$ cat coords_32.cif   # mmCIF, C-alpha atoms
data_entry
#
loop_
_atom_site.label_atom_id
_atom_site.label_comp_id
_atom_site.auth_asym_id
_atom_site.auth_seq_id
_atom_site.Cartn_x
_atom_site.Cartn_y
_atom_site.Cartn_z
CA MET A 1 -26.24 110.76 165.79
CA LYS A 2 -23.18 111.82 167.73
CA LYS A 3 -20.34 109.37 167.55
CA ARG A 4 -17.88 108.64 170.35
CA ILE A 5 -14.25 109.49 169.77
CA SER A 6 -12.16 106.31 169.80
CA MET A 7 -8.85 106.09 171.63
CA LEU A 8 -6.93 102.84 171.10
CA LEU A 9 -3.81 104.58 172.28
CA ALA A 10 -2.62 103.18 175.60
CA CYS A 11 0.95 102.87 174.41
CA ALA A 12 0.89 106.35 172.95
CA MET A 13 -0.32 107.70 176.28
CA MET A 14 2.58 106.15 178.12
CA LEU A 15 5.05 107.62 175.66
CA ALA A 16 3.25 110.95 175.85
CA LEU A 17 4.28 111.48 179.45
CA VAL A 18 7.70 112.73 178.34
CA SER A 19 6.19 115.70 176.53
CA CYS A 20 5.01 119.18 177.50
CA GLY A 21 2.14 119.68 179.94
CA GLY A 22 -1.15 120.98 178.53
CA ASN A 23 -4.49 119.66 177.34
CA GLY A 24 -6.01 118.17 174.24
CA ASN A 25 -8.80 116.60 172.35
CA GLY A 26 -9.45 114.19 169.55
CA GLY A 27 -10.90 110.88 168.47
CA ASN A 28 -12.09 108.55 165.79
CA THR A 29 -15.44 109.18 164.18
CA SER A 30 -15.39 105.72 162.64
CA ASN A 31 -15.64 103.93 166.00
CA PRO A 32 -18.92 104.76 167.77
CA GLY A 33 -19.10 103.50 171.33
CA ASN A 34 -15.43 103.86 172.27
CA GLN A 35 -14.52 106.81 174.52
CA SER A 36 -11.29 108.70 174.24
CA ASN A 37 -8.88 109.44 177.06
CA VAL A 38 -6.54 112.20 175.98
CA GLY A 39 -3.30 112.81 177.88
CA GLY A 40 -0.19 114.91 178.22
CA GLY A 41 2.97 115.14 180.26
CA SER A 42 5.85 117.11 181.64
CA ASN A 43 8.11 119.67 180.05
CA THR A 44 11.23 118.65 178.18
CA SER A 45 14.58 120.40 178.30
CA ALA A 46 15.97 122.47 175.46
CA ASN A 47 18.53 119.76 174.67
CA GLN A 48 15.85 117.07 174.59
CA SER A 49 13.75 119.33 172.39
CA ASN A 50 16.52 119.80 169.87
CA SER A 51 17.26 116.10 169.73
CA SER A 52 13.56 115.40 169.20
CA ALA A 53 13.63 117.76 166.25
CA GLY A 54 16.46 115.80 164.70
CA GLY A 55 19.42 117.92 165.83
CA SER A 56 20.23 121.45 166.93
CA ASP A 57 22.23 122.58 163.90
CA ALA A 58 19.39 123.04 161.43
CA ALA A 59 15.82 121.85 161.00
CA GLU A 60 14.93 119.97 157.84
CA TYR A 61 11.60 121.80 157.73
CA HIS A 62 9.65 124.47 159.58
CA ILE A 63 6.24 124.46 161.26
CA GLY A 64 4.46 127.78 161.78
CA ILE A 65 1.87 128.54 164.47
CA ILE A 66 -0.15 131.76 164.50
CA THR A 67 -2.30 132.68 167.50
CA GLY A 68 -3.88 135.68 169.14
CA SER A 69 -1.95 137.71 171.68
CA VAL A 70 -1.67 136.86 175.37
CA SER A 71 -4.25 139.56 176.16
CA GLN A 72 -6.83 138.05 173.81
CA SER A 73 -6.12 134.31 174.02
CA GLU A 74 -3.31 133.46 176.40
CA ASP A 75 -3.83 129.70 176.39
CA ASP A 76 -3.57 129.52 172.60
CA ARG A 77 -0.29 131.39 172.71
CA ARG A 78 1.15 129.36 175.59
CA GLY A 79 0.41 126.13 173.74
CA ALA A 80 2.30 127.40 170.71
CA GLU A 81 5.21 128.36 172.94
CA ALA A 82 5.19 124.91 174.56
CA PHE A 83 5.47 123.23 171.17
CA GLN A 84 8.31 125.58 170.22
CA ALA A 85 10.07 124.84 173.52
CA LYS A 86 9.81 121.13 172.81
CA TYR A 87 11.21 121.17 169.28
CA GLY A 88 13.24 124.37 169.24
CA GLU A 89 13.05 127.79 167.61
CA ASP A 90 15.00 126.49 164.63
CA MET A 91 12.04 124.33 163.61
CA VAL A 92 9.01 126.11 165.07
CA LYS A 93 8.14 129.66 163.96
CA LEU A 94 5.53 131.70 165.85
CA ASP A 95 3.53 134.81 165.04
CA ILE A 96 0.55 136.74 166.41
CA TYR A 97 -2.37 138.19 164.47
CA PRO A 98 -3.73 141.65 165.48
CA ASP A 99 -5.97 141.97 168.55
CA ASN A 100 -8.36 144.00 166.43
CA PHE A 101 -8.43 141.38 163.69
CA THR A 102 -11.87 142.38 162.41
CA GLU A 103 -10.63 145.88 161.56
CA GLU A 104 -7.24 144.65 160.37
CA LEU A 105 -8.40 141.84 158.13
CA GLU A 106 -5.73 142.38 155.48
CA THR A 107 -3.01 142.41 158.10
CA THR A 108 -4.33 139.17 159.54
CA ILE A 109 -4.41 137.52 156.11
CA GLN A 110 -0.93 138.76 155.27
CA LYS A 111 0.51 137.54 158.57
CA ILE A 112 -0.68 134.03 157.79
CA VAL A 113 0.32 134.11 154.13
CA ASN A 114 3.79 135.47 154.95
CA MET A 115 4.58 132.22 156.74
CA SER A 116 4.46 130.45 153.36
CA ASP A 117 7.29 132.63 152.01
CA ASP A 118 9.68 130.49 154.04
CA PRO A 119 10.92 127.78 151.62
CA LEU A 120 11.29 125.32 154.51
CA MET A 121 7.73 125.85 155.78
CA LYS A 122 5.74 122.61 155.63
CA ALA A 123 2.76 123.28 157.93
CA ILE A 124 0.88 126.33 159.18
CA ILE A 125 -1.51 126.12 162.15
CA VAL A 126 -3.82 129.03 163.02
CA ASN A 127 -5.50 128.91 166.44
CA GLN A 128 -7.93 130.53 166.79
CA ALA A 129 -8.70 130.63 163.07
CA VAL A 130 -10.21 134.13 163.03
CA PRO A 131 -11.85 135.74 159.97
CA GLY A 132 -9.33 135.92 157.14
CA THR A 133 -7.91 132.47 157.75
CA THR A 134 -9.89 130.90 154.90
CA GLU A 135 -8.66 133.47 152.39
CA ALA A 136 -5.10 133.15 153.69
CA PHE A 137 -5.18 129.37 153.32
CA ARG A 138 -6.49 129.69 149.77
CA GLN A 139 -3.66 132.04 148.85
CA ILE A 140 -1.14 129.70 150.44
CA LYS A 141 -2.49 126.68 148.57
CA GLU A 142 -2.30 128.55 145.25
CA LYS A 143 1.45 129.08 145.54
CA ARG A 144 2.48 126.34 148.00
CA PRO A 145 0.10 123.37 147.79
CA ASP A 146 2.68 121.30 149.69
CA ILE A 147 2.06 123.25 152.91
CA ILE A 148 -0.36 121.62 155.35
CA CYS A 149 -2.98 124.17 156.52
CA ILE A 150 -4.71 123.47 159.84
CA ALA A 151 -7.38 125.61 161.52
CA GLY A 152 -8.03 125.40 165.23
CA GLU A 153 -11.36 126.79 166.42
CA GLY A 154 -12.51 128.33 163.15
CA HIS A 155 -14.52 131.55 163.44
CA GLU A 156 -15.72 131.44 159.85
CA ASP A 157 -18.45 129.11 158.57
CA LEU A 158 -17.08 125.61 158.99
CA PRO A 159 -17.95 124.38 155.48
CA GLU A 160 -16.15 127.44 154.10
CA ILE A 161 -12.97 127.12 156.10
CA GLY A 162 -13.08 123.34 155.64
CA SER A 163 -12.93 123.89 151.87
CA ALA A 164 -9.58 125.70 152.21
CA ALA A 165 -7.96 123.89 155.16
CA ASP A 166 -6.60 120.37 155.26
CA LEU A 167 -8.00 119.95 158.78
CA VAL A 168 -10.33 121.94 161.04
CA CYS A 169 -10.83 121.14 164.73
CA ASN A 170 -13.47 123.01 166.78
CA ASN A 171 -15.13 122.63 170.15
CA ASP A 172 -18.44 120.76 169.88
CA PHE A 173 -20.81 123.73 170.04
CA VAL A 174 -23.89 121.54 169.57
CA SER A 175 -23.23 119.01 172.34
CA ARG A 176 -21.87 121.67 174.69
CA GLY A 177 -24.91 123.88 174.13
CA TYR A 178 -27.01 121.11 175.65
CA LEU A 179 -24.53 119.95 178.30
CA ILE A 180 -23.78 123.39 179.75
CA ILE A 181 -27.49 123.94 180.39
CA ARG A 182 -27.92 120.41 181.73
CA THR A 183 -25.01 120.90 184.12
CA ALA A 184 -26.32 124.28 185.31
CA HIS A 185 -29.68 122.67 186.05
CA GLU A 186 -28.07 119.78 187.96
CA LEU A 187 -26.13 122.24 190.12
CA GLY A 188 -29.28 124.16 191.02
CA ALA A 189 -29.41 127.09 188.58
CA ASP A 190 -32.85 128.28 187.49
CA THR A 191 -31.76 130.96 184.97
CA PHE A 192 -29.15 131.03 182.24
CA VAL A 193 -27.64 134.35 181.12
CA HIS A 194 -25.82 134.35 177.77
CA ILE A 195 -23.51 137.35 177.16
CA SER A 196 -22.27 138.20 173.66
CA PHE A 197 -22.37 140.76 170.83
CA PRO A 198 -23.54 140.87 167.19
CA ARG A 199 -20.24 139.86 165.56
CA HIS A 200 -20.10 136.60 167.49
CA MET A 201 -23.81 135.93 167.01
CA ALA A 202 -23.22 136.06 163.25
CA TYR A 203 -21.01 132.97 163.50
CA GLU A 204 -22.83 129.73 162.73
CA THR A 205 -21.11 127.94 165.59
CA MET A 206 -22.26 130.47 168.19
CA SER A 207 -25.73 131.11 166.80
CA ARG A 208 -26.45 127.37 166.67
CA ARG A 209 -25.18 126.94 170.20
CA VAL A 210 -27.48 129.71 171.43
CA ALA A 211 -30.41 127.98 169.72
CA VAL A 212 -29.49 124.70 171.41
CA MET A 213 -29.11 126.44 174.79
CA ARG A 214 -32.51 128.07 174.44
CA GLU A 215 -34.16 124.73 173.65
CA ALA A 216 -32.33 122.99 176.49
CA CYS A 217 -33.56 125.64 178.93
CA LYS A 218 -37.10 124.76 177.91
CA GLU A 219 -36.40 121.09 178.60
CA PHE A 220 -35.06 121.84 182.08
CA ASN A 221 -37.61 124.58 182.92
CA MET A 222 -34.98 127.30 183.14
CA GLU A 223 -35.29 130.92 182.07
CA PHE A 224 -33.02 131.86 179.15
CA VAL A 225 -31.72 135.45 178.92
CA LEU A 226 -29.62 137.22 176.29
CA GLU A 227 -27.41 140.11 177.42
CA THR A 228 -25.24 142.18 175.07
CA ALA A 229 -21.78 143.49 175.96
CA PRO A 230 -19.28 145.54 173.91
CA ASP A 231 -17.13 143.73 171.37
CA PRO A 232 -13.47 143.90 172.53
CA THR A 233 -12.42 144.43 168.89
CA SER A 234 -14.58 147.58 168.65
CA ASP A 235 -13.50 151.13 169.44
CA VAL A 236 -13.82 150.57 173.19
CA GLY A 237 -11.15 147.88 173.00
CA ILE A 238 -10.49 145.23 175.61
CA PRO A 239 -10.38 147.68 178.58
CA GLY A 240 -13.77 149.16 177.71
CA ALA A 241 -15.38 145.77 177.16
CA GLN A 242 -14.04 144.48 180.48
CA ALA A 243 -15.14 147.62 182.33
CA TYR A 244 -18.67 147.10 181.03
CA ILE A 245 -18.80 143.58 182.47
CA LEU A 246 -17.43 144.74 185.82
CA GLU A 247 -20.04 147.47 186.02
CA ASN A 248 -23.05 145.41 184.94
CA VAL A 249 -22.66 142.06 186.71
CA PRO A 250 -23.88 143.41 190.10
CA ALA A 251 -27.07 144.66 188.43
CA TRP A 252 -27.53 141.35 186.59
CA VAL A 253 -27.15 139.38 189.83
CA GLU A 254 -29.71 141.61 191.49
CA LYS A 255 -32.07 141.17 188.52
CA TYR A 256 -31.71 137.43 187.91
CA GLY A 257 -30.79 136.23 191.39
CA GLU A 258 -27.89 134.20 192.74
CA ASN A 259 -29.21 131.01 191.17
CA ALA A 260 -28.46 132.25 187.66
CA ALA A 261 -25.66 130.71 185.60
CA TYR A 262 -23.62 132.91 183.25
CA PHE A 263 -21.81 132.28 179.99
CA CYS A 264 -19.87 134.69 177.74
CA THR A 265 -18.61 134.07 174.22
CA ASN A 266 -15.45 136.19 174.44
CA ASP A 267 -12.22 135.40 176.28
CA ALA A 268 -11.65 139.01 177.33
CA HIS A 269 -15.06 139.13 179.06
CA THR A 270 -14.36 136.01 181.10
CA GLU A 271 -12.03 137.38 183.79
CA PRO A 272 -14.22 140.34 184.86
CA LEU A 273 -17.32 138.12 184.76
CA LEU A 274 -15.71 135.56 187.06
CA LYS A 275 -14.38 138.25 189.38
CA GLN A 276 -17.83 139.71 189.91
CA LEU A 277 -19.66 136.39 190.17
CA VAL A 278 -17.27 135.34 192.94
CA GLU A 279 -18.07 138.61 194.69
CA TYR A 280 -21.82 138.88 194.08
CA GLY A 281 -23.00 135.30 193.49
CA GLY A 282 -23.97 133.09 190.58
CA TYR A 283 -22.87 130.01 188.64
CA PHE A 284 -20.28 129.65 185.90
CA ILE A 285 -20.21 126.22 184.26
CA GLU A 286 -17.31 126.66 181.85
CA ALA A 287 -15.76 129.23 179.52
CA ASP A 288 -16.38 129.44 175.79
CA LEU A 289 -12.93 127.87 175.32
CA PRO A 290 -12.50 126.23 178.73
CA SER A 291 -9.34 126.13 180.82
CA PRO A 292 -8.40 126.61 184.48
CA LEU A 293 -6.30 129.49 183.16
CA MET A 294 -9.21 131.14 181.36
CA GLY A 295 -10.10 134.11 183.57
CA TYR A 296 -9.64 132.41 186.91
CA PRO A 297 -6.07 133.49 187.83
CA GLY A 298 -6.80 137.18 187.25
CA ALA A 299 -10.24 137.03 188.83
CA LEU A 300 -8.87 135.33 191.95
CA GLY A 301 -5.55 137.21 192.11
CA LEU A 302 -3.46 134.04 191.76
CA ASP A 303 0.22 133.82 190.93
CA LEU A 304 0.70 130.58 189.01
CA THR A 305 4.36 131.04 188.12
CA GLU A 306 5.46 127.94 190.01
CA GLU A 307 2.63 125.86 188.52
CA ALA A 308 3.20 126.95 184.91
CA GLY A 309 2.65 124.07 182.48
CA ASP A 310 1.27 121.69 185.14
CA PHE A 311 -2.50 121.74 184.73
CA GLU A 312 -3.19 119.41 187.66
CA LYS A 313 -1.47 121.86 190.02
CA ILE A 314 -3.06 124.86 188.31
CA LEU A 315 -6.53 123.36 188.71
CA ALA A 316 -5.88 122.49 192.36
CA LYS A 317 -4.77 126.04 193.17
CA VAL A 318 -7.76 127.62 191.40
CA GLU A 319 -10.12 125.20 193.12
CA SER A 320 -8.63 125.89 196.54
CA ALA A 321 -9.04 129.65 196.06
CA LEU A 322 -12.70 129.27 195.08
CA VAL A 323 -13.44 127.05 198.06
CA GLU A 324 -11.81 129.59 200.39
CA LYS A 325 -14.12 132.25 198.99
CA GLY A 326 -17.21 130.12 199.62
CA CYS A 327 -17.78 129.31 195.94
CA ALA A 328 -17.62 125.51 196.05
CA ASP A 329 -19.78 123.66 193.52
CA LYS A 330 -20.67 126.77 191.52
CA PHE A 331 -17.71 127.20 189.16
CA GLY A 332 -16.41 124.81 186.52
CA THR A 333 -13.91 124.35 183.72
CA TRP A 334 -12.19 121.75 181.58
CA ALA A 335 -9.34 120.30 183.63
CA TYR A 336 -6.90 120.81 180.75
CA SER A 337 -6.80 123.93 178.62
CA TYR A 338 -8.52 123.54 175.28
CA GLY A 339 -6.67 126.45 173.65
CA TYR A 340 -3.27 125.32 174.91
CA THR A 341 -3.78 121.78 173.69
CA LEU A 342 -5.21 122.76 170.34
CA SER A 343 -2.17 124.91 169.47
CA ALA A 344 0.38 122.35 170.62
CA GLY A 345 -1.52 119.21 169.69
CA LEU A 346 -2.42 120.24 166.15
CA ALA A 347 1.20 121.23 165.56
CA GLU A 348 2.27 117.84 166.92
CA HIS A 349 -0.12 116.18 164.48
CA ALA A 350 1.25 118.26 161.60
CA LYS A 351 4.77 117.13 162.47
CA ASN A 352 3.67 113.50 162.47
CA VAL A 353 2.07 113.94 159.05
CA ILE A 354 5.20 115.59 157.65
CA ASP A 355 7.33 112.77 159.08
CA GLY A 356 5.11 110.20 157.35
CA LYS A 357 3.75 108.77 160.59
CA SER A 358 0.13 109.86 160.18
CA GLU A 359 -2.56 110.83 157.68
CA ILE A 360 -3.94 114.34 158.02
CA THR A 361 -7.60 113.35 158.58
CA ASP A 362 -6.97 110.21 160.63
CA MET A 363 -8.70 111.14 163.87
CA ASP A 364 -6.95 108.43 165.86
CA ALA A 365 -3.71 110.13 164.84
CA VAL A 366 -5.08 113.57 165.73
CA ALA A 367 -6.14 112.18 169.10
CA ALA A 368 -2.70 110.68 169.73
CA ALA A 369 -1.07 114.06 169.07
CA LEU A 370 -3.51 115.96 171.27
CA ASN A 371 -3.13 113.18 173.82
CA VAL A 372 0.42 114.34 174.47
CA TYR A 373 -0.93 117.48 176.15
CA SER A 374 -3.86 116.33 178.33
CA PRO A 375 -3.37 113.38 180.71
CA GLU A 376 -6.47 111.60 181.97
CA ALA A 377 -9.00 113.85 180.23
CA GLN A 378 -12.26 112.25 179.11
CA TRP A 379 -13.44 113.41 175.69
CA ASN A 380 -16.34 112.92 173.35
CA GLY A 381 -17.47 114.56 170.13
CA ALA A 382 -18.92 114.31 166.66
CA GLY A 383 -18.08 114.94 163.06
CA TYR A 384 -19.45 118.28 161.83
CA THR A 385 -22.76 118.07 159.97
CA ASN A 386 -24.16 121.08 158.14
CA ALA A 387 -27.59 121.74 159.69
CA THR A 388 -28.94 123.17 156.43
CA THR A 389 -27.67 120.64 153.89
CA GLY A 390 -27.16 117.60 156.10
CA VAL A 391 -23.73 117.12 154.50
CA LYS A 392 -21.08 115.68 156.81
CA SER A 393 -17.51 116.88 156.46
CA ASP A 394 -14.58 114.47 156.35
CA ASN A 395 -12.02 117.03 157.58
CA VAL A 396 -13.95 119.06 160.21
CA PHE A 397 -14.28 117.57 163.69
CA LEU A 398 -16.06 118.75 166.85
CA ILE A 399 -14.86 117.68 170.30
CA TYR A 400 -15.47 118.38 173.99
CA GLN A 401 -13.99 117.46 177.36
CA ASP A 402 -15.89 116.46 180.49
CA THR A 403 -16.79 119.39 182.76
CA TYR A 404 -15.01 119.60 186.11
CA ILE A 405 -16.87 121.41 188.90
CA MET A 406 -14.58 122.86 191.54
CA GLY A 407 -15.57 122.14 195.12
CA ASN A 408 -14.58 120.32 198.27
CA PRO A 409 -14.07 117.82 196.78
CA GLY A 410 -14.38 118.75 193.13
CA HIS A 411 -15.88 116.36 190.65
CA TYR A 412 -16.41 115.62 186.99
CA MET A 413 -20.00 115.80 185.76
CA GLY A 414 -19.73 112.71 183.57
CA ASN A 415 -20.66 114.73 180.50
CA ALA A 416 -18.44 112.66 178.22
CA ASP A 417 -20.85 109.76 178.81
CA VAL A 418 -24.11 111.69 178.30
CA GLU A 419 -26.13 110.81 175.22
CA ILE A 420 -27.23 114.06 173.58
CA PRO A 421 -30.89 113.92 172.48
CA GLU A 422 -31.07 113.56 168.70
CA LYS A 423 -33.28 116.62 168.21
CA TYR A 424 -30.52 119.03 169.24
CA PHE A 425 -28.36 118.17 166.24
CA THR A 426 -30.89 119.78 163.90
CA VAL A 427 -31.68 122.84 166.02
CA SER A 428 -30.61 126.03 164.22
#

$ encode --input "coords_32.cif" --output "structure tokens"
Amino acid sequence: MKKRISMLLACAMMLALVSCGGNGNGGNTSNPGNQSNVGGGSNTSANQSNSSAGGSDAAEYHIGIITGSVSQSEDDRRGAEAFQAKYGEDMVKLDIYPDNFTEELETTIQKIVNMSDDPLMKAIIVNQAVPGTTEAFRQIKEKRPDIICIAGEGHEDLPEIGSAADLVCNNDFVSRGYLIIRTAHELGADTFVHISFPRHMAYETMSRRVAVMREACKEFNMEFVLETAPDPTSDVGIPGAQAYILENVPAWVEKYGENAAYFCTNDAHTEPLLKQLVEYGGYFIEADLPSPLMGYPGALGLDLTEEAGDFEKILAKVESALVEKGCADKFGTWAYSYGYTLSAGLAEHAKNVIDGKSEITDMDAVAAALNVYSPEAQWNGAGYTNATTGVKSDNVFLIYQDTYIMGNPGHYMGNADVEIPEKYFTVS
């Protein structure tokens, strides 16, 4: 049974308002029935950041964050930069793994491991934790067991990466598999089109979510369709993968009708998909890793320079553009960026653990750290349970934020309060 994430953190939320803007997630698996409310705040100055880190002369320890590039996962990177801006470059060290990480596995591993060569390094956060992260964490632990290893959005099998990491935090692929279909049905969609490629479908998280989506479509009398698109890490690269989406969406809309809802598993596919759905018709409930920044600015031609870091203003501008284009009540997101919050919030949690303020697998503490970067977000989630063995992990947690549908006015779907039918937690 899914357990509610607990948030007994009103004081922490008030204090959080002095921190960077963003979004987050978290909770307490030991308190079923209590809902979390995860928050964030405004940017701090460089001087405030240095004082928060304990002084501008030299940091007592370092925290490393490794993400994908801006082209592959912009929100993840921006969250890492926000945490660095808050505490200073002297404390926070950033790096980027290769865009083509599947073909450059050794480079990816080495990038992560190299962080541990720094004698002052005390925590390493990888978001997204792409293939190679597990091996890198194992190598780090062999030579530097004192370093805290945290994986955000693990791509490898969760029991495997959980055996090497101190903490793993992923989106709740089981609950969301059901809720995305339920939301599409409530908005009026009669068909659900899932777009992916073999590499992603080999991941347990994504294959289980597809199975849940297929079953949920049966429950709501919707047609379920699988479409395949090129992998952006293949020879065609990101440009080729995006061109394929641009070229094929018009044909898909003609084939499945304007009452079809679409979902893609890759960030790079999201912008061209949104662009064409706005033009040709269709529904889009939320991205694989939801955010108002995920695909929408490029698809709508928005300049969000003035709104940078303020997710309430970003969401309002995206929503206004969709309404102007006649797309009200057909497009959704999480109000606060999941990728942004995960990078910054997990690093915040690592700092609290290093400072002796928190325990690494205390989910109230994780929630408080993520809370700094997502004001007023409603969250729910569950501890990860292996569908094959039934074993529940004590250091792998699954979370999700309520879905916000953009319209005039926009509205939350109340998904954080929905009880997921028990049968979906064993679908595989």

$ resolve_selection --input "coords_32.cif" --expression "the PyMOL selection byres ((chain A and resi 231-233) around 7)" --output "PyMOL selection string"
chain A and resi 99-100+102+197+229-230+234-238+241

$ atom_distance --input "coords_32.cif" --atom1 "CA of Val168 (chain A)" --atom2 "CA of Gly68 (chain A)"
17.2 Å

$ axis_aligned_box --input "coords_32.cif" --around "region 237-245 of chain A" --padding-each-side "8 Å" --output "lines of an AutoDock Vina configuration file"
center_x = -14.6
center_y = 146.4
center_z = 177.7
size_x = 24.4
size_y = 21.6
size_z = 25.5

$ residues_around --input "coords_32.cif" --residues "Gln110 (chain A)" --least-positions-apart "2" --cutoff "12 Å" --atoms "only C-alpha atoms" --output "ChimeraX atom specification"
/A:66,95-98,101,104-108,112-117,132-140

$ atom_distance --input "coords_32.cif" --atom1 "CA of Asn352 (chain A)" --atom2 "CA of Ala164 (chain A)"
20.7 Å

$ closest_residue --input "coords_32.cif" --among "A:Phe263, A:Arg214, A:Ala85, A:Lys141" --to "Val193 (chain A)" --atoms "only C-alpha atoms"
A:Phe263

$ resolve_selection --input "coords_32.cif" --expression "the PyMOL selection byres ((chain A and resi 278) around 12)" --output "CSV table (one decimal) with C-alpha atoms, in the frame of the given file"
chain,number,residue,atom,x,y,z
A,246,LEU,CA,-17.4,144.7,185.8
A,249,VAL,CA,-22.7,142.1,186.7
A,250,PRO,CA,-23.9,143.4,190.1
A,253,VAL,CA,-27.2,139.4,189.8
A,258,GLU,CA,-27.9,134.2,192.7
A,262,TYR,CA,-23.6,132.9,183.2
A,271,GLU,CA,-12.0,137.4,183.8
A,272,PRO,CA,-14.2,140.3,184.9
A,273,LEU,CA,-17.3,138.1,184.8
A,274,LEU,CA,-15.7,135.6,187.1
A,275,LYS,CA,-14.4,138.2,189.4
A,276,GLN,CA,-17.8,139.7,189.9
A,277,LEU,CA,-19.7,136.4,190.2
A,279,GLU,CA,-18.1,138.6,194.7
A,280,TYR,CA,-21.8,138.9,194.1
A,281,GLY,CA,-23.0,135.3,193.5
A,282,GLY,CA,-24.0,133.1,190.6
A,283,TYR,CA,-22.9,130.0,188.6
A,284,PHE,CA,-20.3,129.6,185.9
A,295,GLY,CA,-10.1,134.1,183.6
A,296,TYR,CA,-9.6,132.4,186.9
A,299,ALA,CA,-10.2,137.0,188.8
A,300,LEU,CA,-8.9,135.3,192.0
A,301,GLY,CA,-5.6,137.2,192.1
A,321,ALA,CA,-9.0,129.6,196.1
A,322,LEU,CA,-12.7,129.3,195.1
A,323,VAL,CA,-13.4,127.0,198.1
A,324,GLU,CA,-11.8,129.6,200.4
A,325,LYS,CA,-14.1,132.2,199.0
A,326,GLY,CA,-17.2,130.1,199.6
A,327,CYS,CA,-17.8,129.3,195.9
A,328,ALA,CA,-17.6,125.5,196.0
A,329,ASP,CA,-19.8,123.7,193.5
A,330,LYS,CA,-20.7,126.8,191.5
A,331,PHE,CA,-17.7,127.2,189.2

$ atom_distance --input "coords_32.cif" --atom1 "CA of Thr305 (chain A)" --atom2 "CA of Ala369 (chain A)"
26.1 Å

$ residues_around --input "coords_32.cif" --residues "Gly177 (chain A)" --least-positions-apart "5" --cutoff "10 Å" --atoms "all atoms listed in the file" --output "PyMOL selection string"
chain A and resi 172+182+206+208-216+424

$ write_last_selection --input "coords_32.cif" --atoms "C-alpha atoms" --output "compact mmCIF listing (two decimals), in the coordinates of the input"
# COMPACT_ATOMS: atom_id res chain seq x y z
CA ASP A 172 -18.44 120.76 169.88
CA ARG A 182 -27.92 120.41 181.73
CA MET A 206 -22.26 130.47 168.19
CA ARG A 208 -26.45 127.37 166.67
CA ARG A 209 -25.18 126.94 170.20
CA VAL A 210 -27.48 129.71 171.43
CA ALA A 211 -30.41 127.98 169.72
CA VAL A 212 -29.49 124.70 171.41
CA MET A 213 -29.11 126.44 174.79
CA ARG A 214 -32.51 128.07 174.44
CA GLU A 215 -34.16 124.73 173.65
CA ALA A 216 -32.33 122.99 176.49
CA TYR A 424 -30.52 119.03 169.24

$ resolve_selection --input "coords_32.cif" --expression "the PyMOL selection byres ((chain A and resi 312-316) around 12)" --output "MDAnalysis selection string"
chainID A and resid 21:23 39:42 290:294 296:297 302:311 317:323 331:337 373:377 404:411

$ closest_residue --input "coords_32.cif" --among "A:Leu187, A:Ile150, A:Ala387, A:Ile109" --to "Val174 (chain A)" --atoms "only C-alpha atoms"
A:Ala387

$ closest_residue --input "coords_32.cif" --among "A:Gly414, A:Ala344, A:His269, A:Asp75" --to "Gly240 (chain A)" --atoms "all atoms listed in the file"
A:His269

$ closest_residue --input "coords_32.cif" --among "A:Ala251, A:Ile180, A:Leu158, A:Ile125" --to "Asp402 (chain A)" --atoms "all atoms listed in the file"
A:Ile180

$ residues_around --input "coords_32.cif" --residues "Val396 (chain A)" --least-positions-apart "5" --cutoff "7 Å" --atoms "all atoms listed in the file" --output "mmCIF file with C-alpha atoms, in the frame of the given file"
data_model
loop_
_atom_site.group_PDB
_atom_site.id
_atom_site.type_symbol
_atom_site.label_atom_id
_atom_site.label_comp_id
_atom_site.auth_asym_id
_atom_site.auth_seq_id
_atom_site.Cartn_x
_atom_site.Cartn_y
_atom_site.Cartn_z
ATOM 1 C CA GLY A 162 -13.080 123.340 155.640
ATOM 2 C CA LEU A 167 -8.000 119.950 158.780
ATOM 3 C CA VAL A 168 -10.330 121.940 161.040
ATOM 4 C CA CYS A 169 -10.830 121.140 164.730
ATOM 5 C CA GLY A 383 -18.080 114.940 163.060
ATOM 6 C CA TYR A 384 -19.450 118.280 161.830
#

$ residues_around --input "coords_32.cif" --residues "Tyr61 (chain A)" --least-positions-apart "6" --cutoff "8 Å" --atoms "only C-alpha atoms" --output "list in words"
Met91, Leu120, Met121 and Lys122 of chain A

$ closest_residue --input "coords_32.cif" --among "A:Glu286, A:Asp417, A:Glu254, A:Glu153" --to "Ser73 (chain A)" --atoms "all atoms listed in the file"
A:Glu153

$ closest_residue --input "coords_32.cif" --among "A:Ala189, A:Ala268, A:Val418, A:Leu370" --to "Leu346 (chain A)" --atoms "only C-alpha atoms"
A:Leu370

$ residues_around --input "coords_32.cif" --residues "His349 (chain A)" --least-positions-apart "4" --cutoff "10 Å" --atoms "only C-alpha atoms" --output "NGL selection string"
:A and (150 or 344-345 or 353-355 or 357-363 or 365-370)

$ decode --input "coords_32.cif" --residues "region 332-343 of chain A" --atoms "C-alpha atoms" --output "PDB file, in the first residue's frame"
ATOM      1  CA  GLY A 332      -0.121  20.165 -17.812  1.00  0.00           C
ATOM      2  CA  THR A 333       3.017  20.060 -15.705  1.00  0.00           C
ATOM      3  CA  TRP A 334       4.296  20.039 -12.146  1.00  0.00           C
ATOM      4  CA  ALA A 335       4.240  23.628 -10.900  1.00  0.00           C
ATOM      5  CA  TYR A 336       7.824  23.333  -9.650  1.00  0.00           C
ATOM      6  CA  SER A 337      10.591  21.663 -11.601  1.00  0.00           C
ATOM      7  CA  TYR A 338      11.364  18.153 -10.434  1.00  0.00           C
ATOM      8  CA  GLY A 339      14.864  18.088 -11.942  1.00  0.00           C
ATOM      9  CA  TYR A 340      15.791  21.506 -10.537  1.00  0.00           C
ATOM     10  CA  THR A 341      14.632  20.603  -7.054  1.00  0.00           C
ATOM     11  CA  LEU A 342      16.206  17.177  -7.038  1.00  0.00           C
ATOM     12  CA  SER A 343      19.672  18.563  -7.850  1.00  0.00           C
TER      13      SER A 343
END
